[in-house]
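Just below is one structure, and these are the notes that go with it.
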Amino acid sequence: MAKAQALAALLLAMVVALAAMEGAHAICGMANEDFKLCQAAASVNDPTDSPSAECCAALGKADLGCICRYRGVAGIWMRIYHIDPNRAMALPGKCGLTMPSNCS
């Protein structure tokens, strides 16, 4: 019986993992393409002065509270895309969006 339960749990985990892979390129309501729209304004090297309208539109649809929660663990991801974390966290304000109060 225990073996059957373990197998069922494994199958459930696989189904959940496969379902998650479908949306693996979307984090906090932003697809990979949306993040790339903001890359120039948050770049480590030679950033633009302000985010594009397209970047602001993408951030406007994002779950900013979720982005705050990812901030601390996104170091590897940010290095891959050559993103400055401080510039990235300043983008919503530059777009006229308000970050959640617990995001400091």
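If you're wondering about the labels, chains in the structure tokens are A, B, ... by order shown, residues count from 1 in each chain, ligands from 1 in order shown.
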**Prompt:** Can you list, as a VMD selection string, every protein, DNA or RNA residue that comes within 10 Å of Tyr81 (chain A) when you count only C-alpha atoms, leaving out same-chain residues fewer than 3 positions away?
**Reply:** chain A and resid 35 to 36 39 42 to 44 76 to 78 84
How would the residues just chosen look if you wrote them out with N, CA and C atoms as an mmCIF file, in the first residue's frame?
data_model
loop_
_atom_site.group_PDB
_atom_site.id
_atom_site.type_symbol
_atom_site.label_atom_id
_atom_site.label_comp_id
_atom_site.auth_asym_id
_atom_site.auth_seq_id
_atom_site.Cartn_x
_atom_site.Cartn_y
_atom_site.Cartn_z
ATOM 1 N N PHE A 35 10.165 41.029 -19.547
ATOM 2 C CA PHE A 35 11.381 41.403 -18.832
ATOM 3 C C PHE A 35 12.397 42.012 -19.789
ATOM 4 N N LYS A 36 12.494 41.445 -20.982
ATOM 5 C CA LYS A 36 13.450 41.959 -21.960
ATOM 6 C C LYS A 36 13.111 43.385 -22.381
ATOM 7 N N GLN A 39 14.946 45.563 -20.036
ATOM 8 C CA GLN A 39 16.366 45.292 -19.871
ATOM 9 C C GLN A 39 17.232 46.525 -20.128
ATOM 10 N N ALA A 42 17.449 48.878 -17.145
ATOM 11 C CA ALA A 42 18.019 48.339 -15.911
ATOM 12 C C ALA A 42 19.383 47.700 -16.143
ATOM 13 N N SER A 43 19.946 47.942 -17.296
ATOM 14 C CA SER A 43 21.207 47.323 -17.673
ATOM 15 C C SER A 43 22.361 47.764 -16.781
ATOM 16 N N VAL A 44 23.288 46.853 -16.554
ATOM 17 C CA VAL A 44 24.494 47.174 -15.803
ATOM 18 C C VAL A 44 25.341 48.170 -16.601
ATOM 19 N N ILE A 76 21.235 35.479 -9.690
ATOM 20 C CA ILE A 76 21.772 34.725 -10.832
ATOM 21 C C ILE A 76 21.054 35.137 -12.107
ATOM 22 N N TRP A 77 19.737 35.220 -12.044
ATOM 23 C CA TRP A 77 18.949 35.611 -13.214
ATOM 24 C C TRP A 77 19.359 37.001 -13.688
ATOM 25 N N MET A 78 19.546 37.916 -12.739
ATOM 26 C CA MET A 78 19.913 39.282 -13.115
ATOM 27 C C MET A 78 21.299 39.327 -13.743
ATOM 28 N N ASP A 84 21.096 45.467 -13.389
ATOM 29 C CA ASP A 84 21.469 46.054 -12.102
ATOM 30 C C ASP A 84 20.235 45.984 -11.198
#
**Asked** Contacts of Ile27 (chain A) at 12 Å or less, counting only C-alpha atoms, minus same-chain residues fewer than 6 places along, as an MDAnalysis selection string?
**Response** chainID A and resid 20:21 33:35 58:59 61:71 74 77
**Request:** Record the distance separating CA of Asp49 (chain A) and CA of Ser101 (chain A), expressed in Å with one decimal.
**Result:**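 Taking CA of Asp49 (chain A) as the start and CA of Ser101 (chain A) as the end point, the length is 25.0 Å.
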**Prompt:** With distances taken over only C-alpha atoms, which of A:His82, A:Val73, A:Leu97, A:Ala31 is nearest to Asp46 (chain A)?
**Reply:**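 The closest residue to Asp46 (chain A) is A:His82.
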**Prompt:** Looking at A:Leu91, A:Gly96, A:Asn102, A:Ala26, which one is nearest to Ser50 (chain A), with distances taken over only C-alpha atoms?
**Reply:** A:Leu91
**Prompt:** Which of these, A:Gly29, A:Glu54, A:Cys103, A:Leu37, has the shortest distance to Ala90 (chain A) once you count only C-alpha atoms?
**Reply:**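 Of A:Gly29, A:Glu54, A:Cys103, A:Leu37, the one nearest Ala90 (chain A), counting only C-alpha atoms, is A:Cys103.
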**Request:** Give me, please, the distance in Å between CA of Cys55 (chain A) and CA of Asn32 (chain A), quoted to one decimal.
**Result:**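 For CA of Cys55 (chain A) relative to CA of Asn32 (chain A), the distance reads 11.9 Å.
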**Request:** Provide the CA of Gly72 (chain A) to CA of Ala53 (chain A) distance in Å, to one decimal place.
**Result:**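 Atom-to-atom, CA of Gly72 (chain A) and CA of Ala53 (chain A) are spaced 26.3 Å apart.
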